[in-house]
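Chemist: Okay, so here is work.cif, and as you'll see once you scroll down, it has mmCIF, C-alpha atoms.
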```cif
data_coords
loop_
_atom_site.label_atom_id
_atom_site.label_comp_id
_atom_site.auth_asym_id
_atom_site.auth_seq_id
_atom_site.Cartn_x
_atom_site.Cartn_y
_atom_site.Cartn_z
CA MET A 1 -64.59 15.38 2.07
CA LYS A 2 -65.07 18.87 3.50
CA LEU A 3 -64.70 19.42 7.24
CA ARG A 4 -65.45 22.61 9.11
CA SER A 5 -63.43 22.94 12.28
CA TRP A 6 -65.17 22.75 15.60
CA LEU A 7 -63.47 25.99 16.62
CA SER A 8 -65.05 28.08 13.86
CA THR A 9 -68.36 26.34 14.41
CA CYS A 10 -68.43 27.20 18.11
CA SER A 11 -67.03 30.69 17.85
CA SER A 12 -68.96 31.99 14.84
CA ALA A 13 -72.64 32.13 14.06
CA THR A 14 -74.37 29.53 12.04
CA SER A 15 -74.95 29.77 8.31
CA ILE A 16 -77.39 32.19 6.73
CA SER A 17 -80.43 30.83 4.94
CA THR A 18 -82.21 32.66 2.16
CA ALA A 19 -85.86 33.60 2.31
CA ASP A 20 -86.86 31.14 -0.38
CA ASP A 21 -85.45 28.32 1.76
CA ALA A 22 -88.29 28.76 4.27
CA VAL A 23 -90.12 25.54 5.05
CA SER A 24 -93.85 25.40 5.44
CA PRO A 25 -95.44 22.83 7.73
CA PRO A 26 -96.09 19.64 5.71
CA SER A 27 -99.13 17.47 5.76
CA GLN A 28 -99.13 13.72 5.31
CA THR A 29 -99.60 14.12 1.57
CA THR A 30 -96.67 16.53 1.13
CA LEU A 31 -93.89 14.88 3.12
CA ASN A 32 -91.82 14.24 0.01
CA PHE A 33 -90.68 17.86 -0.13
CA LEU A 34 -88.41 17.16 2.84
CA PHE A 35 -86.12 15.15 0.65
CA SER A 36 -85.63 17.62 -2.19
CA ASP A 37 -82.27 19.33 -2.48
CA THR A 38 -82.84 22.04 -5.04
CA SER A 39 -81.73 25.04 -3.04
CA SER A 40 -78.80 23.93 -0.90
CA ALA A 41 -76.49 26.64 0.31
CA SER A 42 -73.02 26.39 -1.17
CA PRO A 43 -70.18 25.17 1.12
CA SER A 44 -68.42 28.51 0.75
CA SER A 45 -71.42 30.45 2.00
CA GLN A 46 -71.74 28.09 4.95
CA ASP A 47 -68.04 28.35 5.80
CA THR A 48 -68.03 32.16 5.82
CA GLY A 49 -71.27 32.76 7.69
CA SER A 50 -70.45 35.26 10.45
CA SER A 51 -73.65 37.15 11.15
CA SER A 52 -75.27 37.13 14.55
CA LEU A 53 -77.55 34.34 15.76
CA GLN A 54 -80.47 36.71 15.46
CA SER A 55 -80.07 36.76 11.67
CA ASN A 56 -80.45 33.01 11.31
CA LEU A 57 -83.81 31.97 9.91
CA SER A 58 -83.91 28.93 12.20
CA LEU A 59 -83.87 31.36 15.11
CA GLN A 60 -86.66 33.40 13.57
CA THR A 61 -88.89 30.34 13.35
CA LEU A 62 -88.65 29.78 17.13
CA PRO A 63 -87.89 33.22 18.60
CA SER A 64 -89.11 32.28 22.07
CA VAL A 65 -86.64 29.40 22.46
CA PRO A 66 -83.16 30.39 23.69
CA SER A 67 -80.07 28.95 22.03
CA LEU A 68 -78.07 26.39 24.02
CA GLN A 69 -74.93 26.71 21.91
CA LYS A 70 -71.61 27.92 23.24
CA LEU A 71 -70.20 31.01 21.55
CA SER A 72 -66.65 30.16 22.64
CA PRO A 73 -64.96 26.74 22.61
CA ASP A 74 -64.30 24.73 25.74
CA GLN A 75 -60.80 23.27 25.71
CA THR A 76 -62.12 20.04 27.20
CA LEU A 77 -64.27 19.46 24.12
CA THR A 78 -61.65 18.74 21.48
CA LEU A 79 -62.26 16.71 18.36
CA SER A 80 -59.17 15.58 16.50
CA LEU A 81 -60.37 15.41 12.92
CA SER A 82 -57.88 17.66 11.15
CA SER A 83 -56.71 14.84 8.89
CA LEU A 84 -60.09 13.19 8.51
CA SER A 85 -60.03 13.27 4.72
CA GLN A 86 -56.72 11.36 4.67
CA HIS A 87 -56.84 9.05 7.64
CA HIS A 88 -60.26 9.08 9.26
CA LEU A 89 -62.62 8.55 6.35
CA LEU A 90 -62.58 4.79 6.75
CA ALA A 91 -64.87 3.58 3.98
CA SER A 92 -67.62 4.43 1.54
CA LEU A 93 -70.21 1.67 1.16
CA LYS A 94 -72.55 1.49 -1.80
CA PRO A 95 -75.72 -0.61 -1.42
CA ARG A 96 -77.19 -1.95 -4.63
CA SER A 97 -80.26 0.29 -4.41
CA ARG A 98 -80.23 4.06 -4.12
CA HIS A 99 -81.58 6.07 -1.19
CA VAL A 100 -80.35 4.81 2.18
CA THR A 101 -83.36 5.14 4.49
CA ALA A 102 -82.24 3.50 7.76
CA LEU A 103 -79.05 2.39 9.53
CA ALA A 104 -78.62 0.29 12.66
CA LEU A 105 -75.75 -1.48 14.43
CA HIS A 106 -76.08 -4.81 16.21
CA HIS A 107 -73.39 -7.30 17.29
CA ASN A 108 -70.74 -5.82 15.02
CA LEU A 109 -73.08 -5.87 12.02
CA LEU A 110 -74.29 -2.78 10.17
CA TYR A 111 -77.85 -3.03 8.82
CA ALA A 112 -78.51 -0.61 5.96
CA ALA A 113 -81.99 -0.27 4.51
CA SER A 114 -81.98 0.82 0.89
CA GLY A 115 -85.20 0.68 -1.09
CA ASN A 116 -87.01 -2.53 -0.24
CA GLU A 117 -83.87 -4.48 0.72
CA ILE A 118 -81.63 -4.62 3.76
CA ASN A 119 -77.87 -4.92 3.26
CA VAL A 120 -75.77 -6.27 6.12
CA PHE A 121 -72.09 -5.27 6.37
CA ASP A 122 -69.37 -6.30 8.78
CA ALA A 123 -68.85 -3.16 10.86
CA ASN A 124 -65.06 -3.68 10.98
CA SER A 125 -64.09 -5.07 7.57
CA TYR A 126 -67.04 -3.41 5.75
CA ALA A 127 -67.57 -6.59 3.74
CA LEU A 128 -71.11 -7.33 2.58
CA VAL A 129 -72.38 -10.22 4.71
CA ASP A 130 -75.97 -10.63 3.54
CA THR A 131 -78.77 -8.98 1.60
CA PHE A 132 -82.36 -9.87 2.42
CA ASN A 133 -85.92 -8.90 1.47
CA GLY A 134 -84.60 -7.83 -1.92
CA LYS A 135 -86.94 -10.14 -3.82
CA ASP A 136 -90.07 -8.80 -2.11
CA SER A 137 -90.52 -5.55 -3.98
CA SER A 138 -94.17 -5.42 -2.92
CA SER A 139 -93.11 -4.58 0.65
CA GLY A 140 -92.07 -1.09 -0.43
CA SER A 141 -89.20 0.83 1.13
CA VAL A 142 -87.85 -0.08 4.56
CA LYS A 143 -88.42 2.79 7.02
CA SER A 144 -86.80 1.52 10.22
CA VAL A 145 -84.62 -1.29 11.60
CA THR A 146 -84.35 -2.34 15.24
CA PHE A 147 -83.62 -5.43 17.35
CA CYS A 148 -85.42 -7.47 20.01
CA ASN A 149 -84.36 -10.68 21.75
CA GLY A 150 -81.95 -11.66 19.01
CA LYS A 151 -84.41 -10.91 16.22
CA VAL A 152 -84.21 -8.18 13.59
CA LEU A 153 -87.35 -6.07 13.12
CA THR A 154 -87.99 -4.04 9.97
CA ALA A 155 -90.77 -1.52 9.25
CA HIS A 156 -92.13 -1.32 5.72
CA GLN A 157 -94.09 0.87 3.35
CA ASP A 158 -96.69 -1.89 2.87
CA CYS A 159 -97.99 -1.39 6.46
CA LYS A 160 -96.24 -4.49 7.79
CA ILE A 161 -93.54 -5.22 10.34
CA ARG A 162 -91.28 -8.16 9.51
CA VAL A 163 -89.29 -10.25 11.98
CA TRP A 164 -86.04 -11.90 10.89
CA LYS A 165 -83.74 -14.44 12.52
CA LEU A 166 -79.98 -14.34 12.02
CA LEU A 167 -78.80 -17.87 11.22
CA GLU A 168 -75.38 -19.31 12.01
CA THR A 169 -74.52 -18.91 8.33
CA LYS A 170 -75.02 -15.12 8.75
CA ARG A 171 -78.08 -15.31 6.54
CA HIS A 172 -81.43 -13.89 7.61
CA LYS A 173 -84.64 -15.88 7.64
CA LEU A 174 -88.15 -14.40 7.82
CA VAL A 175 -89.88 -15.86 10.89
CA ALA A 176 -92.96 -13.62 11.28
CA THR A 177 -94.93 -10.77 9.77
CA LEU A 178 -96.92 -8.51 12.08
CA PRO A 179 -99.73 -8.83 12.66
CA THR A 180 -99.19 -12.59 12.69
CA VAL A 181 -101.66 -14.95 11.04
CA THR A 182 -102.69 -16.29 14.46
CA ASP A 183 -103.34 -12.81 15.81
CA TYR A 184 -105.21 -11.83 12.65
CA PHE A 185 -107.69 -14.71 12.77
CA ARG A 186 -108.12 -14.34 16.52
CA HIS A 187 -109.59 -10.88 15.93
CA LEU A 188 -111.20 -11.40 12.53
CA ILE A 189 -114.38 -13.11 13.69
CA PHE A 190 -115.52 -10.34 16.04
CA PRO A 191 -117.14 -7.28 14.38
CA LYS A 192 -115.99 -4.99 17.20
CA ASN A 193 -112.39 -5.54 16.12
CA HIS A 194 -113.03 -3.95 12.72
CA VAL A 195 -112.47 -0.19 12.62
CA LYS A 196 -113.32 2.27 9.89
CA ILE A 197 -110.23 3.78 8.27
CA ARG A 198 -112.00 5.62 5.47
CA ARG A 199 -115.37 5.62 3.76
CA HIS A 200 -116.54 2.10 2.91
CA ARG A 201 -113.31 0.55 4.14
CA LYS A 202 -112.48 -1.18 7.42
CA ARG A 203 -109.43 -2.86 8.91
CA LEU A 204 -108.70 -4.80 12.08
CA TRP A 205 -107.47 -2.50 14.83
CA ILE A 206 -104.29 -4.58 15.11
CA GLU A 207 -103.28 -3.58 11.56
CA HIS A 208 -101.54 -0.44 10.40
CA HIS A 209 -103.17 0.93 7.25
CA ASP A 210 -100.34 3.14 6.04
CA ALA A 211 -96.53 2.98 5.97
CA VAL A 212 -94.91 1.93 9.25
CA SER A 213 -92.49 4.79 9.83
CA GLY A 214 -90.74 3.85 13.07
CA LEU A 215 -89.99 1.09 15.58
CA ALA A 216 -88.68 1.12 19.15
CA VAL A 217 -88.17 -1.64 21.71
CA ALA A 218 -88.19 -1.54 25.53
CA ASN A 219 -89.30 -3.70 28.44
CA ASN A 220 -90.26 -6.66 26.22
CA LEU A 221 -92.59 -4.48 24.19
CA ILE A 222 -92.34 -3.33 20.59
CA CYS A 223 -93.69 0.10 19.69
CA SER A 224 -94.60 0.88 16.09
CA VAL A 225 -95.80 4.15 14.59
CA SER A 226 -97.25 4.84 11.19
CA TRP A 227 -98.40 7.49 8.78
CA ASP A 228 -101.88 6.23 9.71
CA LYS A 229 -101.47 8.42 12.88
CA CYS A 230 -101.50 5.39 15.21
CA LEU A 231 -99.16 4.02 17.86
CA LYS A 232 -99.33 0.26 18.38
CA ILE A 233 -97.85 -1.81 21.20
CA TRP A 234 -96.79 -5.44 20.57
CA SER A 235 -95.91 -8.04 23.20
CA VAL A 236 -92.81 -10.22 23.07
CA PRO A 237 -92.19 -13.08 22.34
CA ASP A 238 -95.61 -13.90 20.88
CA PHE A 239 -95.77 -10.69 18.77
CA ARG A 240 -99.39 -9.99 19.64
CA CYS A 241 -100.77 -6.49 19.28
CA VAL A 242 -101.96 -5.55 22.77
CA GLN A 243 -102.87 -1.88 22.26
CA SER A 244 -103.58 0.58 19.47
CA ILE A 245 -103.79 4.34 20.05
CA LYS A 246 -104.90 7.08 17.69
CA ALA A 247 -101.97 9.18 18.80
CA HIS A 248 -101.78 12.21 16.47
CA ASP A 249 -103.71 14.31 13.98
CA ASP A 250 -101.23 13.74 11.16
CA ALA A 251 -98.61 11.22 10.08
CA ILE A 252 -96.30 9.98 12.85
CA ASN A 253 -92.65 10.17 11.82
CA ALA A 254 -90.70 8.87 14.82
CA VAL A 255 -90.88 6.96 18.10
CA VAL A 256 -88.34 6.47 20.90
CA VAL A 257 -88.56 4.78 24.29
CA SER A 258 -86.58 5.92 27.33
CA ILE A 259 -84.97 3.60 29.84
CA ASP A 260 -87.96 3.94 32.22
CA GLY A 261 -90.42 2.78 29.53
CA THR A 262 -91.81 6.21 28.63
CA ILE A 263 -92.75 6.41 24.94
CA TYR A 264 -92.30 9.57 22.84
CA THR A 265 -93.92 10.01 19.42
CA ALA A 266 -93.33 12.82 16.91
CA SER A 267 -95.66 13.84 14.13
CA ALA A 268 -96.23 16.06 11.12
CA ASP A 269 -98.88 17.77 13.29
CA ARG A 270 -95.90 19.59 14.96
CA ARG A 271 -96.44 17.86 18.30
CA ILE A 272 -94.50 15.42 20.44
CA LYS A 273 -96.61 13.24 22.70
CA VAL A 274 -95.52 11.43 25.84
CA TRP A 275 -97.04 8.07 26.76
CA GLY A 276 -96.75 6.08 29.97
CA ARG A 277 -98.52 3.57 32.16
CA PRO A 278 -100.48 5.08 35.04
CA PRO A 279 -99.83 3.34 38.38
CA GLY A 280 -101.54 -0.04 38.49
CA GLU A 281 -102.51 0.07 34.80
CA ARG A 282 -101.34 -2.20 31.98
CA LYS A 283 -102.31 0.10 29.12
CA TYR A 284 -100.41 3.16 27.99
CA ALA A 285 -102.08 6.56 28.27
CA LEU A 286 -101.20 10.10 27.24
CA ILE A 287 -99.07 11.87 29.85
CA ALA A 288 -98.21 15.12 28.11
CA THR A 289 -98.17 16.93 24.78
CA LEU A 290 -95.02 18.90 23.94
CA GLU A 291 -95.66 21.81 21.58
CA LYS A 292 -92.89 24.17 20.51
CA HIS A 293 -91.95 23.30 16.94
CA LYS A 294 -93.54 25.35 14.16
CA SER A 295 -93.40 22.61 11.53
CA ALA A 296 -93.41 18.82 11.20
CA VAL A 297 -91.29 16.97 13.76
CA ASN A 298 -89.22 14.40 11.88
CA GLU A 299 -86.98 12.71 14.42
CA LEU A 300 -86.43 12.07 18.14
CA ALA A 301 -83.54 10.91 20.33
CA VAL A 302 -83.33 10.34 24.06
CA ASN A 303 -80.22 10.24 26.23
CA GLY A 304 -79.10 7.20 28.20
CA ASP A 305 -80.76 7.99 31.53
CA GLY A 306 -83.96 9.36 29.99
CA THR A 307 -83.56 12.84 31.44
CA ALA A 308 -83.20 14.63 28.10
CA LEU A 309 -85.13 14.40 24.84
CA PHE A 310 -84.00 15.85 21.51
CA SER A 311 -86.36 16.63 18.64
CA GLY A 312 -85.54 17.66 15.08
CA ALA A 313 -88.00 19.29 12.72
CA CYS A 314 -88.49 21.05 9.40
CA ASP A 315 -87.89 24.40 11.14
CA ARG A 316 -84.15 23.54 11.05
CA SER A 317 -83.74 23.52 14.81
CA ILE A 318 -83.09 20.78 17.34
CA LEU A 319 -84.99 21.34 20.57
CA VAL A 320 -83.68 20.08 23.91
CA TRP A 321 -86.31 18.94 26.41
CA GLU A 322 -85.48 18.11 30.04
CA ARG A 323 -87.35 16.94 33.09
CA GLU A 324 -88.41 19.58 35.58
CA ASP A 325 -87.05 19.17 39.09
CA SER A 326 -90.46 19.74 40.60
CA ALA A 327 -92.34 17.36 38.31
CA ASN A 328 -91.87 14.49 35.95
CA ASN A 329 -92.78 16.55 32.90
CA MET A 330 -90.52 17.49 30.01
CA VAL A 331 -89.97 21.19 29.27
CA VAL A 332 -87.99 22.78 26.47
CA THR A 333 -84.74 24.28 27.74
CA GLY A 334 -83.26 25.52 24.50
CA ALA A 335 -82.46 24.95 20.84
CA LEU A 336 -79.43 23.84 18.83
CA ARG A 337 -79.20 25.78 15.58
CA GLY A 338 -76.94 25.57 12.59
CA HIS A 339 -78.56 23.32 10.05
CA THR A 340 -79.97 25.33 7.15
CA LYS A 341 -82.69 22.84 6.21
CA ALA A 342 -84.92 20.21 7.76
CA ILE A 343 -83.50 17.80 10.36
CA LEU A 344 -83.98 14.23 9.11
CA CYS A 345 -82.13 12.09 11.66
CA LEU A 346 -80.93 12.25 15.28
CA ILE A 347 -79.06 9.79 17.46
CA ASN A 348 -77.59 10.03 20.96
CA VAL A 349 -74.50 7.93 21.68
CA SER A 350 -72.70 8.25 25.01
CA ASP A 351 -72.67 12.01 25.65
CA LEU A 352 -72.69 12.96 21.96
CA LEU A 353 -75.64 14.01 19.82
CA PHE A 354 -75.47 13.46 16.05
CA SER A 355 -77.79 15.22 13.59
CA GLY A 356 -78.27 14.81 9.84
CA SER A 357 -80.14 17.18 7.59
CA THR A 358 -81.53 17.94 4.17
CA ASP A 359 -78.66 20.47 3.94
CA ARG A 360 -76.40 17.41 3.35
CA THR A 361 -74.38 17.87 6.55
CA VAL A 362 -73.82 15.89 9.73
CA ARG A 363 -73.21 17.78 12.97
CA ILE A 364 -71.83 16.39 16.22
CA TRP A 365 -72.87 18.14 19.43
CA ARG A 366 -71.61 17.76 22.98
CA ARG A 367 -72.78 19.22 26.23
CA GLY A 368 -70.35 21.00 28.52
CA SER A 369 -70.30 21.12 32.30
CA ASP A 370 -72.19 24.43 32.18
CA GLY A 371 -75.15 22.77 30.44
CA ARG A 372 -74.53 24.47 27.10
CA PHE A 373 -73.74 22.62 23.87
CA CYS A 374 -70.83 22.94 21.50
CA CYS A 375 -70.99 21.83 17.87
CA LEU A 376 -67.77 19.82 17.62
CA THR A 377 -67.73 19.43 13.87
CA VAL A 378 -69.74 19.77 10.68
CA THR A 379 -69.12 17.39 7.78
CA ASP A 380 -70.58 17.50 4.30
CA VAL A 381 -69.44 14.24 2.76
CA HIS A 382 -72.72 13.57 0.98
CA GLU A 383 -74.16 14.98 -2.22
CA MET A 384 -77.79 14.64 -1.11
CA PRO A 385 -79.78 14.85 2.17
CA VAL A 386 -78.52 12.75 5.07
CA ARG A 387 -81.35 10.40 6.01
CA ALA A 388 -79.81 7.95 8.49
CA LEU A 389 -77.12 7.88 11.18
CA THR A 390 -75.69 5.39 13.60
CA ALA A 391 -72.49 5.49 15.66
CA VAL A 392 -70.48 3.56 18.22
CA THR A 393 -67.89 4.70 20.75
CA GLU A 394 -64.60 2.89 21.24
CA GLY A 395 -62.40 3.28 24.33
CA GLY A 396 -62.02 6.47 26.31
CA SER A 397 -62.32 7.15 30.01
CA PRO A 398 -65.41 8.50 31.81
CA GLY A 399 -63.29 10.83 33.93
CA GLY A 400 -61.70 12.61 31.00
CA GLY A 401 -58.08 12.80 29.93
CA ALA A 402 -57.89 9.84 27.58
CA ALA A 403 -59.36 10.29 24.13
CA GLY A 404 -62.08 7.94 23.02
CA ALA A 405 -62.88 7.16 19.41
CA VAL A 406 -66.28 7.48 17.81
CA LYS A 407 -67.06 5.68 14.55
CA VAL A 408 -69.91 7.23 12.59
CA PHE A 409 -71.98 5.71 9.78
CA SER A 410 -74.03 8.17 7.73
CA GLY A 411 -76.45 7.25 4.94
CA SER A 412 -77.87 9.53 2.30
CA PHE A 413 -80.26 9.72 -0.60
CA ASP A 414 -77.17 9.74 -2.82
CA GLY A 415 -76.98 6.00 -2.10
CA ASP A 416 -73.68 6.14 -0.19
CA ILE A 417 -72.88 5.11 3.36
CA LYS A 418 -69.85 7.00 4.67
CA VAL A 419 -67.83 5.58 7.56
CA TRP A 420 -65.63 7.99 9.47
CA LYS A 421 -63.88 8.16 12.83
CA GLY A 422 -62.85 10.89 15.24
CA PHE A 423 -61.35 11.19 18.73
CA VAL A 424 -63.00 13.04 21.60
CA SER A 425 -61.29 13.73 24.92
CA GLY A 426 -63.01 12.35 28.01
CA LEU A 427 -65.44 10.25 25.98
CA SER A 428 -67.08 7.48 28.00
CA SER A 429 -67.52 4.21 26.15
#
```
Produce structure tokens that represent the structure in this file.

Modeler:
Amino acid sequence: MKLRSWLSTCSSATSISTADDAVSPPSQTTLNFLFSDTSSASPSSQDTGSSSLQSNLSLQTLPSVPSLQKLSPDQTLTLSLSSLSQHHLLASLKPRSRHVTALALHHNLLYAASGNEINVFDANSYALVDTFNGKDSSSGSVKSVTFCNGKVLTAHQDCKIRVWKLLETKRHKLVATLPTVTDYFRHLIFPKNHVKIRRHRKRLWIEHHDAVSGLAVANNLICSVSWDKCLKIWSVPDFRCVQSIKAHDDAINAVVVSIDGTIYTASADRRIKVWGRPPGERKYALIATLEKHKSAVNELAVNGDGTALFSGACDRSILVWEREDSANNMVVTGALRGHTKAILCLINVSDLLFSGSTDRTVRIWRRGSDGRFCCLTVTDVHEMPVRALTAVTEGGSPGGGAAGAVKVFSGSFDGDIKVWKGFVSGLSS
């Protein structure tokens, strides 16, 4: 396992990309190029990159966005990972199918989507607890895993959302498929509920008609997005579809919901859209459109209090959006640069931001008291693009001083799930 120190990462410029590594904005029909790995920069070239930020191609793609990275390390942001390869690489898990596409943690269980099946591991012992949906190959690959009221929700290539119940035996039982049969027949008899999706073909408005690419849960509502360009809202616990919105002009790749119920969607059309409920209304409506990326936006993450949004795209940069003091709108405040290829996954845990990329690396970012970010570490433990991340913090003290541990799970198209741990001073649990 190769580890680049946080000191060299913060004090030197990010790696240089070559001209033939430039990424053109994808359409819905060309998204597969994101996952190719034919022109990765070698580790040695990444380790020795020392040119200025202005020479980085990710900067050239967004020249109007200032960098938020520190150019000198802050002694309060220390990551003790010097012996990671010997002591802190905890495990390497190998699901039966290749290509890990989603990871999620819930009640000390790690859910890993690989192909059409979901493998469940004990997050402490790393033992395989259960494997489900493996027999249903017609469902296609699993795109997202999330949780709601004790149920496990999975998004699938076959346009469906499946709901699973964890039994006392630690096995998972399918309890519903969205849209439910009841909801389907409730809408079937009325012609107005049938919408045209392409020439000579109609579907009910409650149905997705392309792969369901993302799920998010908040305020007893389930949000689903799809490559069919639609955002759908589902009520809990009856799992009825209560709203469908044609949200974007191209495939939607990600959805997150902040603590106040605001929904953010990201698309291959290069836009991020913000959705909320106007005062006195029950339906969601468009609040704002965030446009700064120059290529498809692949992933979103929001911090704990909903004041900051992070977006990762094919332009290799992570944009930081924050609320204006004078309004409730999000504005871009800067960019985090360093990845040499498309950003495929982002998560925010405590005050840490984790990013995974087609360049096969995982970066951990942390914000200092001055508002600028430091890249604490860069790891390249995988042989193929990093598609999924999840993490959990253990211990630490909010006021600083004591070191808290962070356990990271990273999944890749090489079929491996790497489990590794580090210690960060002043980490709140």

Chemist: Evaluate the PyMOL selection byres ((chain A and resi 153) around 12) and record the selected residues as an NGL selection string, following the chain and residue labels used in the document.

Modeler: :A and (104 or 106 or 111 or 113 or 118 or 142-152 or 154-156 or 160-166 or 172-178 or 212 or 214-217 or 222-224 or 239)

Chemist: Residues of region 221-269 of chain A that approach region 328-333 of chain A to 12 Å or less, counting all atoms listed in the file: could you list each one with the shortest pair of atoms and its distance in Å to one decimal, rows by chain and increasing residue number, as a Markdown table?

Modeler:
```
| residue | atom | partner | partner_atom | distance |
| --- | --- | --- | --- | --- |
| A:Asp260 | CA | A:Asn328 | CA | 11.9 |
| A:Thr262 | CA | A:Asn328 | CA | 11.1 |
| A:Tyr264 | CA | A:Met330 | CA | 10.8 |
```

Chemist: Give as a ChimeraX atom specification the residues that the PyMOL selection byres ((chain A and resi 268-282) around 8) matches when applied to the coordinates above.

Modeler: /A:25-28,247-253,261-267,283-298

Chemist: Using all atoms listed in the file, which residues sit within 7 Å of Ile206 (chain A) once same-chain residues fewer than 2 positions away are excluded, as number ranges by chain?

Modeler: A: 179, 204, 208, 241, 244

Chemist: Using all atoms listed in the file, which of A:Cys345, A:Leu109, A:Met384, A:Ala308 sits nearest Ile259 (chain A)?

Modeler: A:Ala308

Chemist: Place N, CA, C and O atoms on region 242-254 of chain A and deliver the coordinates as a tab-separated table (two decimals), in the frame of the given file.

Modeler:
```tsv
chain	number	residue	atom	x	y	z
A	242	VAL	N	-101.21	-5.65	21.52
A	242	VAL	CA	-101.96	-5.55	22.77
A	242	VAL	C	-102.64	-4.19	22.95
A	242	VAL	O	-103.51	-4.04	23.80
A	243	GLN	N	-102.24	-3.20	22.13
A	243	GLN	CA	-102.87	-1.88	22.26
A	243	GLN	C	-102.66	-1.08	20.98
A	243	GLN	O	-101.60	-1.15	20.36
A	244	SER	N	-103.68	-0.33	20.60
A	244	SER	CA	-103.58	0.58	19.47
A	244	SER	C	-104.14	1.93	19.89
A	244	SER	O	-105.24	2.00	20.47
A	245	ILE	N	-103.40	3.00	19.62
A	245	ILE	CA	-103.79	4.34	20.05
A	245	ILE	C	-103.79	5.27	18.86
A	245	ILE	O	-102.82	5.33	18.11
A	246	LYS	N	-104.90	5.99	18.67
A	246	LYS	CA	-104.90	7.08	17.69
A	246	LYS	C	-104.15	8.24	18.36
A	246	LYS	O	-104.68	9.00	19.15
A	247	ALA	N	-102.86	8.36	18.01
A	247	ALA	CA	-101.97	9.18	18.80
A	247	ALA	C	-101.86	10.62	18.32
A	247	ALA	O	-101.62	11.53	19.12
A	248	HIS	N	-102.02	10.86	17.01
A	248	HIS	CA	-101.78	12.21	16.47
A	248	HIS	C	-102.83	12.56	15.43
A	248	HIS	O	-103.63	11.71	15.00
A	249	ASP	N	-102.79	13.82	14.99
A	249	ASP	CA	-103.71	14.31	13.98
A	249	ASP	C	-103.13	14.27	12.58
A	249	ASP	O	-103.81	14.64	11.61
A	250	ASP	N	-101.88	13.86	12.46
A	250	ASP	CA	-101.23	13.74	11.16
A	250	ASP	C	-100.24	12.59	11.23
A	250	ASP	O	-100.10	11.95	12.28
A	251	ALA	N	-99.54	12.34	10.15
A	251	ALA	CA	-98.61	11.22	10.08
A	251	ALA	C	-97.60	11.26	11.22
A	251	ALA	O	-97.07	12.33	11.55
A	252	ILE	N	-97.32	10.09	11.80
A	252	ILE	CA	-96.30	9.98	12.85
A	252	ILE	C	-94.98	9.61	12.17
A	252	ILE	O	-94.91	8.65	11.39
A	253	ASN	N	-93.94	10.36	12.49
A	253	ASN	CA	-92.65	10.17	11.82
A	253	ASN	C	-91.61	9.44	12.66
A	253	ASN	O	-90.66	8.89	12.09
A	254	ALA	N	-91.75	9.44	13.99
A	254	ALA	CA	-90.70	8.87	14.82
A	254	ALA	C	-91.25	8.42	16.16
A	254	ALA	O	-92.25	8.95	16.65
```
